[in-house]
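What follows is data.cif (mmCIF, C-alpha atoms).
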data_final
#
loop_
_atom_site.label_atom_id
_atom_site.label_comp_id
_atom_site.auth_asym_id
_atom_site.auth_seq_id
_atom_site.Cartn_x
_atom_site.Cartn_y
_atom_site.Cartn_z
CA MET A 1 -173.11 21.30 -17.15
CA ARG A 2 -173.83 18.98 -20.08
CA LYS A 3 -171.92 19.49 -23.33
CA GLY A 4 -175.01 20.50 -25.37
CA SER A 5 -176.13 23.03 -22.79
CA ARG A 6 -172.62 24.44 -22.49
CA SER A 7 -172.35 24.73 -26.28
CA ARG A 8 -175.62 26.70 -26.41
CA ARG A 9 -174.44 28.97 -23.60
CA ASP A 10 -171.15 29.63 -25.40
CA PHE A 11 -172.97 30.43 -28.62
CA GLN A 12 -175.26 32.82 -26.74
CA TRP A 13 -172.22 34.69 -25.41
CA LEU A 14 -170.82 34.88 -28.93
CA LEU A 15 -174.18 36.16 -30.21
CA LEU A 16 -174.44 38.75 -27.45
CA GLY A 17 -170.95 40.07 -28.06
CA GLN A 18 -171.40 40.34 -31.81
CA THR A 19 -174.88 41.83 -31.51
CA THR A 20 -173.57 44.50 -29.16
CA SER A 21 -170.52 45.39 -31.25
CA GLN A 22 -172.51 45.37 -34.51
CA PHE A 23 -175.17 47.63 -32.97
CA GLY A 24 -172.41 50.04 -31.96
CA ALA A 25 -170.86 49.82 -35.41
CA GLN A 26 -174.21 50.64 -37.04
CA VAL A 27 -174.90 53.53 -34.65
CA SER A 28 -171.50 55.05 -35.38
CA GLY A 29 -171.01 53.57 -38.87
CA ILE A 30 -172.29 56.67 -40.60
CA ALA A 31 -170.27 58.91 -38.27
CA ILE A 32 -166.87 58.70 -39.98
CA PRO A 33 -168.22 59.24 -43.54
CA LEU A 34 -170.42 62.12 -42.35
CA LEU A 35 -167.51 63.50 -40.32
CA ALA A 36 -165.37 63.52 -43.45
CA VAL A 37 -168.07 64.82 -45.83
CA SER A 38 -170.03 67.28 -43.67
CA THR A 39 -167.59 68.48 -40.99
CA LEU A 40 -164.19 68.28 -42.69
CA ARG A 41 -165.66 68.96 -46.18
CA ALA A 42 -163.84 66.07 -47.85
CA SER A 43 -163.71 65.90 -51.65
CA PRO A 44 -164.77 62.67 -53.41
CA LEU A 45 -161.10 61.64 -53.64
CA GLN A 46 -160.51 62.32 -49.93
CA ALA A 47 -163.69 60.41 -49.00
CA GLY A 48 -162.46 57.51 -51.14
CA LEU A 49 -159.07 57.65 -49.38
CA VAL A 50 -160.71 57.41 -45.94
CA THR A 51 -162.75 54.42 -47.11
CA ALA A 52 -159.74 52.75 -48.73
CA ALA A 53 -157.59 53.12 -45.62
CA GLY A 54 -159.95 50.92 -43.62
CA THR A 55 -159.44 47.92 -45.87
CA VAL A 56 -155.93 48.17 -47.31
CA ALA A 57 -154.60 46.06 -44.41
CA PHE A 58 -156.20 42.95 -45.91
CA ALA A 59 -153.99 43.28 -48.98
CA VAL A 60 -150.85 43.81 -46.90
CA ILE A 61 -151.14 41.43 -43.92
CA GLY A 62 -154.14 39.22 -44.68
CA LEU A 63 -152.16 36.15 -45.75
CA PRO A 64 -149.59 36.10 -42.90
CA ALA A 65 -152.40 36.87 -40.43
CA GLY A 66 -154.26 33.75 -41.52
CA ALA A 67 -151.19 31.55 -41.24
CA TRP A 68 -150.37 32.97 -37.81
CA ILE A 69 -153.94 32.48 -36.57
CA ASP A 70 -153.72 28.78 -37.48
CA ARG A 71 -150.77 28.57 -35.05
CA VAL A 72 -152.56 30.00 -32.02
CA ARG A 73 -155.89 29.81 -30.22
CA ARG A 74 -158.30 32.25 -31.83
CA ARG A 75 -160.22 33.72 -28.89
CA PRO A 76 -157.31 35.79 -27.43
CA VAL A 77 -156.77 37.28 -30.89
CA LEU A 78 -160.44 38.31 -31.10
CA VAL A 79 -160.34 39.93 -27.66
CA ALA A 80 -157.17 41.89 -28.46
CA SER A 81 -158.70 43.10 -31.73
CA ASP A 82 -161.84 44.38 -29.98
CA LEU A 83 -159.91 46.27 -27.31
CA SER A 84 -157.42 47.84 -29.72
CA ARG A 85 -160.22 49.08 -31.99
CA ALA A 86 -162.00 50.58 -28.97
CA ALA A 87 -158.88 52.57 -28.07
CA LEU A 88 -158.32 53.78 -31.62
CA LEU A 89 -161.91 54.97 -32.03
CA THR A 90 -161.72 56.92 -28.77
CA SER A 91 -158.85 58.99 -30.19
CA ILE A 92 -161.15 60.63 -32.76
CA PRO A 93 -163.51 62.44 -30.34
CA VAL A 94 -160.56 63.33 -28.14
CA MET A 95 -158.84 65.14 -31.02
CA ALA A 96 -162.16 66.70 -32.05
CA TRP A 97 -162.58 68.10 -28.53
CA LEU A 98 -159.10 69.64 -28.84
CA GLY A 99 -159.93 71.13 -32.23
CA MET A 100 -157.13 69.15 -33.90
CA LEU A 101 -159.04 66.55 -35.94
CA THR A 102 -158.00 66.25 -39.58
CA ILE A 103 -158.62 64.05 -42.62
CA THR A 104 -155.11 62.68 -42.05
CA GLN A 105 -156.07 61.35 -38.62
CA LEU A 106 -159.22 59.73 -40.03
CA VAL A 107 -157.06 57.97 -42.62
CA VAL A 108 -154.49 56.79 -40.05
CA VAL A 109 -157.11 55.60 -37.53
CA SER A 110 -159.05 53.84 -40.29
CA LEU A 111 -155.83 52.14 -41.39
CA LEU A 112 -154.98 50.85 -37.90
CA ILE A 113 -158.56 49.76 -37.22
CA GLY A 114 -158.35 47.87 -40.50
CA VAL A 115 -155.27 45.99 -39.24
CA ALA A 116 -157.13 44.90 -36.10
CA ARG A 117 -160.16 43.98 -38.18
CA VAL A 118 -158.06 41.64 -40.35
CA PHE A 119 -157.19 39.53 -37.32
CA PHE A 120 -160.76 39.62 -36.01
CA ASP A 121 -162.47 38.69 -39.27
CA VAL A 122 -160.11 35.82 -40.09
CA GLY A 123 -160.08 34.57 -36.51
CA TYR A 124 -163.86 34.85 -36.11
CA GLN A 125 -164.68 32.83 -39.23
CA SER A 126 -162.23 30.17 -38.04
CA TYR A 127 -163.48 30.24 -34.43
CA LEU A 128 -167.21 29.81 -35.13
CA PRO A 129 -166.97 26.09 -36.15
CA ASP A 130 -165.32 25.35 -32.78
CA VAL A 131 -168.33 26.85 -31.00
CA VAL A 132 -171.24 25.48 -33.08
CA GLY A 133 -169.75 22.46 -34.88
CA LYS A 134 -169.48 21.99 -38.65
CA GLN A 135 -172.90 20.36 -38.98
CA ARG A 136 -174.68 23.49 -37.76
CA LEU A 137 -172.77 26.14 -39.71
CA ILE A 138 -175.65 27.53 -41.81
CA ALA A 139 -177.89 27.66 -38.74
CA GLY A 140 -175.09 29.23 -36.67
CA ASN A 141 -174.16 31.80 -39.30
CA SER A 142 -177.85 32.56 -39.90
CA ALA A 143 -178.60 33.06 -36.21
CA MET A 144 -175.53 35.26 -35.86
CA GLU A 145 -176.48 37.45 -38.81
CA THR A 146 -180.15 37.63 -37.78
CA VAL A 147 -179.41 38.90 -34.29
CA ARG A 148 -176.69 41.23 -35.56
CA ALA A 149 -179.01 42.61 -38.25
CA SER A 150 -181.70 43.23 -35.66
CA GLY A 151 -179.34 45.68 -34.00
CA GLN A 152 -178.64 47.22 -37.39
CA VAL A 153 -182.33 48.05 -37.86
CA ALA A 154 -182.39 50.69 -35.16
CA GLY A 155 -178.67 51.46 -35.29
CA PRO A 156 -178.37 53.65 -38.43
CA GLY A 157 -181.50 55.67 -37.66
CA LEU A 158 -180.37 56.21 -34.10
CA GLY A 159 -176.86 56.95 -35.35
CA GLY A 160 -178.09 59.59 -37.78
CA TRP A 161 -180.19 61.20 -35.02
CA LEU A 162 -177.24 61.13 -32.60
CA VAL A 163 -174.91 62.64 -35.20
CA GLY A 164 -177.33 65.55 -35.51
CA ARG A 165 -177.57 65.91 -31.72
CA LEU A 166 -174.06 65.09 -30.49
CA GLY A 167 -171.82 65.49 -33.53
CA SER A 168 -170.18 62.77 -35.62
CA ALA A 169 -167.00 62.49 -33.56
CA ASN A 170 -168.78 61.97 -30.23
CA VAL A 171 -170.95 59.17 -31.60
CA LEU A 172 -167.82 57.06 -32.15
CA LEU A 173 -167.54 56.63 -28.38
CA ILE A 174 -170.61 54.37 -28.54
CA GLN A 175 -168.83 51.92 -30.80
CA ALA A 176 -165.76 51.99 -28.55
CA ILE A 177 -167.90 50.96 -25.57
CA THR A 178 -169.66 48.17 -27.46
CA LEU A 179 -166.34 46.74 -28.64
CA ALA A 180 -165.24 46.53 -25.00
CA VAL A 181 -168.49 44.68 -24.19
CA SER A 182 -167.82 42.28 -27.07
CA ALA A 183 -164.39 41.51 -25.63
CA GLY A 184 -165.98 40.69 -22.26
CA CYS A 185 -168.50 38.32 -23.89
CA LEU A 186 -165.71 36.48 -25.69
CA LEU A 187 -163.89 36.01 -22.40
CA ALA A 188 -167.03 34.39 -20.94
CA ILE A 189 -167.02 31.55 -23.53
CA LYS A 190 -165.97 28.24 -21.98
CA VAL A 191 -165.37 26.05 -25.04
CA ARG A 192 -161.81 24.74 -25.25
CA GLU A 193 -160.18 25.37 -28.59
CA PRO A 194 -158.02 22.57 -29.98
CA ARG A 195 -154.35 23.22 -29.47
CA PRO A 196 -152.50 23.85 -32.76
CA THR A 197 -150.36 20.88 -33.79
CA SER A 198 -146.64 20.98 -33.24
CA GLN A 199 -146.18 20.59 -37.00
CA GLN A 200 -148.06 23.84 -37.58
CA GLU A 201 -145.91 25.62 -35.01
CA HIS A 202 -142.65 24.56 -36.64
CA THR A 203 -143.62 25.01 -40.29
CA ARG A 204 -142.27 28.19 -41.82
CA LEU A 205 -144.86 30.95 -42.19
CA ARG A 206 -144.28 31.18 -45.93
CA GLY A 207 -144.96 27.47 -46.33
CA GLN A 208 -148.21 27.73 -44.37
CA ILE A 209 -149.38 30.69 -46.45
CA LYS A 210 -148.65 28.67 -49.60
CA GLU A 211 -150.72 25.73 -48.30
CA GLY A 212 -153.75 27.96 -47.80
CA LEU A 213 -153.44 29.57 -51.23
CA GLU A 214 -152.94 26.21 -52.94
CA PHE A 215 -155.99 24.68 -51.23
CA LEU A 216 -158.09 27.64 -52.37
CA SER A 217 -156.72 27.65 -55.92
CA ARG A 218 -157.16 23.89 -56.46
CA SER A 219 -160.91 24.07 -55.91
CA PRO A 220 -162.94 25.50 -58.82
CA VAL A 221 -165.82 26.13 -56.40
CA LEU A 222 -163.78 28.07 -53.85
CA ARG A 223 -162.07 30.00 -56.65
CA ALA A 224 -165.41 30.98 -58.14
CA LEU A 225 -166.83 32.09 -54.79
CA THR A 226 -163.74 34.22 -54.23
CA VAL A 227 -164.09 35.89 -57.64
CA THR A 228 -167.80 36.57 -57.11
CA SER A 229 -167.14 38.05 -53.67
CA ALA A 230 -164.20 40.11 -54.94
CA VAL A 231 -166.18 41.64 -57.81
CA GLY A 232 -169.09 42.38 -55.47
CA ASN A 233 -166.77 43.93 -52.90
CA PHE A 234 -165.01 46.01 -55.55
CA SER A 235 -168.35 47.36 -56.80
CA PHE A 236 -169.42 48.17 -53.23
CA ALA A 237 -166.13 50.02 -52.67
CA VAL A 238 -166.59 52.08 -55.84
CA ALA A 239 -170.09 53.04 -54.69
CA SER A 240 -169.03 53.74 -51.10
CA ALA A 241 -166.62 56.46 -52.20
CA VAL A 242 -169.48 58.59 -53.52
CA ASN A 243 -172.60 57.20 -51.85
CA TYR A 244 -172.70 59.56 -48.88
CA ILE A 245 -172.01 62.51 -51.17
CA PHE A 246 -174.92 61.36 -53.35
CA LEU A 247 -177.24 61.07 -50.36
CA VAL A 248 -176.21 64.30 -48.59
CA ARG A 249 -175.39 66.68 -51.44
CA THR A 250 -177.35 65.35 -54.44
CA LEU A 251 -180.52 64.08 -52.71
CA ARG A 252 -180.16 66.63 -49.87
CA LEU A 253 -180.94 64.15 -47.11
CA SER A 254 -180.28 65.00 -43.46
CA PRO A 255 -178.07 62.73 -41.29
CA ALA A 256 -181.21 61.34 -39.66
CA ALA A 257 -182.74 60.56 -43.06
CA VAL A 258 -179.53 58.81 -44.15
CA GLY A 259 -179.72 56.71 -41.00
CA VAL A 260 -183.35 55.77 -41.68
CA LEU A 261 -182.50 54.77 -45.24
CA LEU A 262 -179.72 52.48 -44.02
CA ALA A 263 -182.02 51.07 -41.35
CA VAL A 264 -184.53 50.01 -44.00
CA GLY A 265 -181.77 48.04 -45.69
CA SER A 266 -180.99 46.42 -42.36
CA VAL A 267 -184.61 45.27 -41.97
CA THR A 268 -184.36 43.28 -45.18
CA ALA A 269 -180.92 42.02 -44.15
CA MET A 270 -182.41 40.73 -40.90
CA LEU A 271 -185.25 39.11 -42.84
CA GLY A 272 -182.82 37.52 -45.28
CA ALA A 273 -180.60 36.21 -42.49
CA ALA A 274 -183.57 34.65 -40.69
CA LEU A 275 -184.91 33.03 -43.86
CA THR A 276 -181.61 31.76 -45.29
CA PRO A 277 -181.86 28.27 -43.68
CA ARG A 278 -185.43 27.89 -44.98
CA TRP A 279 -184.48 29.06 -48.48
CA ALA A 280 -181.40 26.83 -48.43
CA ASN A 281 -183.65 23.84 -47.69
CA ARG A 282 -186.13 24.80 -50.39
CA PHE A 283 -183.82 25.81 -53.23
CA GLY A 284 -180.65 23.99 -52.13
CA SER A 285 -177.80 25.16 -49.91
CA ALA A 286 -175.44 25.36 -52.92
CA ARG A 287 -177.93 26.81 -55.41
CA ILE A 288 -178.98 29.63 -53.07
CA VAL A 289 -175.41 30.99 -53.15
CA TRP A 290 -175.66 32.35 -56.72
CA LEU A 291 -179.44 32.59 -56.96
CA SER A 292 -179.62 35.19 -54.17
CA LEU A 293 -177.44 37.66 -56.11
CA LEU A 294 -178.80 36.86 -59.57
CA VAL A 295 -182.35 37.79 -58.52
CA THR A 296 -181.63 40.87 -56.39
CA GLY A 297 -178.70 42.50 -58.22
CA PRO A 298 -180.65 44.08 -61.11
CA ILE A 299 -183.19 45.68 -58.75
CA ALA A 300 -180.41 47.56 -56.95
CA LEU A 301 -179.76 49.41 -60.24
CA LEU A 302 -182.83 51.55 -59.51
CA GLY A 303 -180.96 53.60 -56.88
CA PRO A 304 -179.09 56.07 -59.13
CA LEU A 305 -182.39 57.07 -60.79
CA ALA A 306 -183.43 58.88 -57.59
CA ARG A 307 -183.88 62.67 -57.43
CA PRO A 308 -184.72 64.93 -54.49
CA GLY A 309 -188.31 64.27 -53.46
CA TRP A 310 -190.51 61.18 -53.72
CA SER A 311 -188.12 59.28 -56.02
CA VAL A 312 -185.73 58.88 -53.08
CA GLY A 313 -187.86 55.77 -52.59
CA LEU A 314 -185.90 54.19 -55.47
CA VAL A 315 -182.75 54.37 -53.34
CA VAL A 316 -184.65 52.80 -50.46
CA LEU A 317 -185.92 49.96 -52.67
CA GLY A 318 -182.57 49.35 -54.33
CA THR A 319 -180.71 49.38 -51.01
CA ALA A 320 -183.23 47.09 -49.30
CA VAL A 321 -183.28 44.46 -52.04
CA GLY A 322 -179.51 44.65 -52.46
CA GLU A 323 -178.98 44.07 -48.73
CA LEU A 324 -181.33 41.07 -48.85
CA GLY A 325 -179.36 39.39 -51.63
CA GLN A 326 -176.00 40.16 -50.09
CA ILE A 327 -176.83 38.73 -46.67
CA VAL A 328 -178.20 35.48 -48.11
CA TYR A 329 -175.11 35.16 -50.30
CA ALA A 330 -172.75 35.95 -47.42
CA ILE A 331 -174.25 33.36 -45.07
CA SER A 332 -174.51 30.59 -47.66
CA SER A 333 -171.10 31.14 -49.28
CA VAL A 334 -169.16 31.44 -46.01
CA SER A 335 -170.93 28.36 -44.63
CA LEU A 336 -170.00 26.42 -47.77
CA ARG A 337 -166.34 27.44 -47.44
CA GLN A 338 -166.29 26.53 -43.75
CA GLN A 339 -167.82 23.15 -44.51
CA LEU A 340 -165.41 22.32 -47.33
CA CYS A 341 -162.20 23.26 -45.51
CA PRO A 342 -160.46 21.07 -42.89
CA THR A 343 -160.09 22.74 -39.48
CA GLU A 344 -156.29 22.90 -39.57
CA LEU A 345 -156.42 24.91 -42.84
CA LEU A 346 -159.47 27.03 -42.12
CA GLY A 347 -157.63 30.12 -40.88
CA ARG A 348 -155.33 30.18 -43.89
CA VAL A 349 -158.07 29.50 -46.44
CA ASN A 350 -160.31 32.15 -44.84
CA ALA A 351 -157.39 34.59 -44.87
CA SER A 352 -156.51 33.78 -48.48
CA ALA A 353 -160.11 34.32 -49.58
CA ARG A 354 -160.57 37.46 -47.46
CA THR A 355 -157.27 38.92 -48.70
CA LEU A 356 -158.10 38.38 -52.35
CA ILE A 357 -161.60 39.76 -51.77
CA MET A 358 -160.63 42.73 -49.65
CA ALA A 359 -157.48 43.64 -51.60
CA LEU A 360 -159.74 45.13 -54.27
CA PHE A 361 -161.67 47.27 -51.77
CA PRO A 362 -159.11 50.09 -51.35
CA VAL A 363 -158.50 50.02 -55.12
CA GLY A 364 -162.24 50.27 -55.70
CA ALA A 365 -162.67 53.09 -53.17
CA LEU A 366 -159.89 55.14 -54.77
CA PHE A 367 -161.21 54.29 -58.24
CA GLY A 368 -164.67 55.41 -57.16
CA GLY A 369 -163.24 58.67 -55.86
CA VAL A 370 -161.46 59.31 -59.16
CA LEU A 371 -164.57 58.42 -61.18
CA GLY A 372 -166.61 60.76 -58.99
CA GLU A 373 -164.17 63.62 -59.66
CA TRP A 374 -163.99 63.02 -63.42
CA PHE A 375 -167.46 61.82 -64.44
CA GLY A 376 -169.74 62.74 -61.56
CA ILE A 377 -171.50 60.98 -58.70
CA ARG A 378 -174.44 59.41 -60.53
CA PRO A 379 -172.42 57.76 -63.38
CA THR A 380 -170.06 56.31 -60.77
CA LEU A 381 -172.98 54.64 -59.00
CA TRP A 382 -174.24 53.22 -62.31
CA ILE A 383 -170.84 51.63 -62.99
CA ALA A 384 -170.62 50.18 -59.45
CA LEU A 385 -174.11 48.66 -59.43
CA THR A 386 -173.71 47.18 -62.91
CA LEU A 387 -170.61 45.34 -61.71
CA ALA A 388 -172.56 44.10 -58.68
CA ALA A 389 -175.34 42.74 -60.92
CA LEU A 390 -172.75 40.77 -62.94
CA SER A 391 -170.86 39.43 -59.91
CA PRO A 392 -172.81 36.13 -59.41
CA LEU A 393 -171.80 34.72 -62.83
CA PRO A 394 -168.61 32.91 -61.65
CA ALA A 395 -170.47 31.29 -58.73
CA TYR A 396 -173.28 30.26 -61.07
CA ARG A 397 -170.88 28.54 -63.48
CA ALA A 398 -169.17 26.61 -60.66
CA LEU A 399 -172.27 25.59 -58.69
CA ARG A 400 -175.07 25.28 -61.28
CA GLN A 401 -174.84 21.45 -61.28
CA PHE A 402 -175.12 21.21 -57.49
CA ARG A 403 -178.23 21.62 -55.39
CA THR A 404 -176.86 21.13 -51.85
CA ALA A 405 -173.54 21.80 -50.16
CA GLU A 406 -173.16 18.07 -49.41
CA GLU A 407 -172.85 17.41 -53.17
CA VAL A 408 -169.94 19.82 -53.52
CA THR A 409 -166.43 18.42 -53.16
CA ILE A 410 -162.93 19.88 -53.32
CA THR A 411 -161.73 18.66 -56.70
CA PRO A 412 -158.54 19.71 -58.49
CA SER A 413 -159.05 21.80 -61.59
#
Here is a file; write its structure as structure tokens.
Amino acid sequence: MRKGSRSRRDFQWLLLGQTTSQFGAQVSGIAIPLLAVSTLRASPLQAGLVTAAGTVAFAVIGLPAGAWIDRVRRRPVLVASDLSRAALLTSIPVMAWLGMLTITQLVVVSLLIGVARVFFDVGYQSYLPDVVGKQRLIAGNSAMETVRASGQVAGPGLGGWLVGRLGSANVLLIQAITLAVSAGCLLAIKVREPRPTSQQEHTRLRGQIKEGLEFLSRSPVLRALTVTSAVGNFSFAVASAVNYIFLVRTLRLSPAAVGVLLAVGSVTAMLGAALTPRWANRFGSARIVWLSLLVTGPIALLGPLARPGWSVGLVVLGTAVGELGQIVYAISSVSLRQQLCPTELLGRVNASARTLIMALFPVGALFGGVLGEWFGIRPTLWIALTLAALSPLPAYRALRQFRTAEEVTITPS
């Protein structure tokens, strides 16, 4: 088989695996929050704790995970992450069947799934350039997000319907199965990863972590992207602690209606992912990074104005436009980071950025839970979405003089 044909086949396997697992995640993604809020009657603080547990691992092991991933081939790490998450998710319906499911188990399972996700996310972002090549990163990331988002369109609506029919705990089995399918697709990829250099293998882990952090900190552009992403992620975490309570208890939406609302956001995410290469060509692959958030962020502020009845449409509009901006930003900013970083540092730089970004998520989720308890659900959403609207300012300051990614260089500050 010719190299080009083999590369396309490998990328198709990667697409299939991620589409399958993302569809499963979207079908069951509303299951754990609804399980906590509706079945186990979680308070805002408890809901925030469940959300925080899923991301705290980035703050604890993100940096050493990135350094370790640069020492090994990435595909086996991705497969192990998929299979371990499948096993952990299966434990929730099992305990529900036995009548022994508690908030504590949801927190523990979310914590362990978060550990596996750290290795997958860092390894995946470092593995993609080996499959598609650095010259096709925006196209590769766009295609990946478009196909994944297409599964997200039907996933939340179907997930909400299934939660109503089967119960939240049972729906998690769907995600467990799709993660196993994803692992099988990864095993079918034929591309040979470059073997890590002997120097990497013998360098102390602390020294490798330091190299990744220093590379990230020396670049004003990469620093700014990290700050923008961290503020956006923090604001999303604050909102996530109270969002399902807002939808279910304040707006009185059914699980199926919650799923439909999330599906509408996925439609615009799919549209944004498909159009990102075209918009990058028209507006500039560097300029689109901050422009996508600057235009869409203020519109998302409409959501907290919603009341039961027709004004629920404000939540739909705010969610849809917000998802559009976020997906365009995610594709363009990650592609820029992948393009700027040398391969031998990519795992560590990705891990450094992801750790700094995700470290604020559990803090934000707990903060959102506390705000929800003290000030109420609606004011908490206002605070979160205002932060999100301000998040593109650091990226704007760093990239405003550049139009395309090719103009951007790693320059010491």
How would you write, as a PDB file with C-alpha atoms, keeping the file's coordinate frame, the residues chosen by the PyMOL selection byres ((chain A and resi 307-313) around 8) on this structure?
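So the final result, stored in out.pdb, reads:
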ATOM      1  CA  THR A 250    -177.350  65.350 -54.440  1.00  0.00           C
ATOM      2  CA  LEU A 251    -180.520  64.080 -52.710  1.00  0.00           C
ATOM      3  CA  ARG A 252    -180.160  66.630 -49.870  1.00  0.00           C
ATOM      4  CA  LEU A 305    -182.390  57.070 -60.790  1.00  0.00           C
ATOM      5  CA  ALA A 306    -183.430  58.880 -57.590  1.00  0.00           C
ATOM      6  CA  LEU A 314    -185.900  54.190 -55.470  1.00  0.00           C
ATOM      7  CA  VAL A 315    -182.750  54.370 -53.340  1.00  0.00           C
ATOM      8  CA  VAL A 316    -184.650  52.800 -50.460  1.00  0.00           C
ATOM      9  CA  LEU A 317    -185.920  49.960 -52.670  1.00  0.00           C
TER      10      LEU A 317
END
Checklist entry - Which one is closest to Gln18 in chain A: A:Val264, A:Leu179, A:Ala87, A:Val37? Count only C-alpha atoms. => result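 Of the candidates, the smallest distance to Gln18 in chain A is held by A:Leu179.
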Next on the checklist: When the PyMOL selection byres ((chain A and resi 379-381) around 12) is applied to the structure above, which residues does it catch, written out as a PyMOL selection string?
Outcome noted: chain A and resi 44+235-247+300-306+315+318+364-378+382-388
Go ahead and save the picked residues with C-alpha atoms, as a PDB file, keeping the file's coordinate frame.
ATOM      1  CA  PRO A  44    -164.770  62.670 -53.410  1.00  0.00           C
ATOM      2  CA  SER A 235    -168.350  47.360 -56.800  1.00  0.00           C
ATOM      3  CA  PHE A 236    -169.420  48.170 -53.230  1.00  0.00           C
ATOM      4  CA  ALA A 237    -166.130  50.020 -52.670  1.00  0.00           C
ATOM      5  CA  VAL A 238    -166.590  52.080 -55.840  1.00  0.00           C
ATOM      6  CA  ALA A 239    -170.090  53.040 -54.690  1.00  0.00           C
ATOM      7  CA  SER A 240    -169.030  53.740 -51.100  1.00  0.00           C
ATOM      8  CA  ALA A 241    -166.620  56.460 -52.200  1.00  0.00           C
ATOM      9  CA  VAL A 242    -169.480  58.590 -53.520  1.00  0.00           C
ATOM     10  CA  ASN A 243    -172.600  57.200 -51.850  1.00  0.00           C
ATOM     11  CA  TYR A 244    -172.700  59.560 -48.880  1.00  0.00           C
ATOM     12  CA  ILE A 245    -172.010  62.510 -51.170  1.00  0.00           C
ATOM     13  CA  PHE A 246    -174.920  61.360 -53.350  1.00  0.00           C
ATOM     14  CA  LEU A 247    -177.240  61.070 -50.360  1.00  0.00           C
ATOM     15  CA  ALA A 300    -180.410  47.560 -56.950  1.00  0.00           C
ATOM     16  CA  LEU A 301    -179.760  49.410 -60.240  1.00  0.00           C
ATOM     17  CA  LEU A 302    -182.830  51.550 -59.510  1.00  0.00           C
ATOM     18  CA  GLY A 303    -180.960  53.600 -56.880  1.00  0.00           C
ATOM     19  CA  PRO A 304    -179.090  56.070 -59.130  1.00  0.00           C
ATOM     20  CA  LEU A 305    -182.390  57.070 -60.790  1.00  0.00           C
ATOM     21  CA  ALA A 306    -183.430  58.880 -57.590  1.00  0.00           C
ATOM     22  CA  VAL A 315    -182.750  54.370 -53.340  1.00  0.00           C
ATOM     23  CA  GLY A 318    -182.570  49.350 -54.330  1.00  0.00           C
ATOM     24  CA  GLY A 364    -162.240  50.270 -55.700  1.00  0.00           C
ATOM     25  CA  ALA A 365    -162.670  53.090 -53.170  1.00  0.00           C
ATOM     26  CA  LEU A 366    -159.890  55.140 -54.770  1.00  0.00           C
ATOM     27  CA  PHE A 367    -161.210  54.290 -58.240  1.00  0.00           C
ATOM     28  CA  GLY A 368    -164.670  55.410 -57.160  1.00  0.00           C
ATOM     29  CA  GLY A 369    -163.240  58.670 -55.860  1.00  0.00           C
ATOM     30  CA  VAL A 370    -161.460  59.310 -59.160  1.00  0.00           C
ATOM     31  CA  LEU A 371    -164.570  58.420 -61.180  1.00  0.00           C
ATOM     32  CA  GLY A 372    -166.610  60.760 -58.990  1.00  0.00           C
ATOM     33  CA  GLU A 373    -164.170  63.620 -59.660  1.00  0.00           C
ATOM     34  CA  TRP A 374    -163.990  63.020 -63.420  1.00  0.00           C
ATOM     35  CA  PHE A 375    -167.460  61.820 -64.440  1.00  0.00           C
ATOM     36  CA  GLY A 376    -169.740  62.740 -61.560  1.00  0.00           C
ATOM     37  CA  ILE A 377    -171.500  60.980 -58.700  1.00  0.00           C
ATOM     38  CA  ARG A 378    -174.440  59.410 -60.530  1.00  0.00           C
ATOM     39  CA  TRP A 382    -174.240  53.220 -62.310  1.00  0.00           C
ATOM     40  CA  ILE A 383    -170.840  51.630 -62.990  1.00  0.00           C
ATOM     41  CA  ALA A 384    -170.620  50.180 -59.450  1.00  0.00           C
ATOM     42  CA  LEU A 385    -174.110  48.660 -59.430  1.00  0.00           C
ATOM     43  CA  THR A 386    -173.710  47.180 -62.910  1.00  0.00           C
ATOM     44  CA  LEU A 387    -170.610  45.340 -61.710  1.00  0.00           C
ATOM     45  CA  ALA A 388    -172.560  44.100 -58.680  1.00  0.00           C
TER      46      ALA A 388
END
Item to check | Residues selected by the PyMOL selection byres ((chain A and resi 219) around 12), written as a count of residues only | outcome: 26
Item to check | Atom pair CA of Pro298 in chain A / CA of Ser254 in chain A: separation (Å) | outcome: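 Computed distance, CA of Pro298 in chain A to CA of Ser254 in chain A, equals 27.4 Å.
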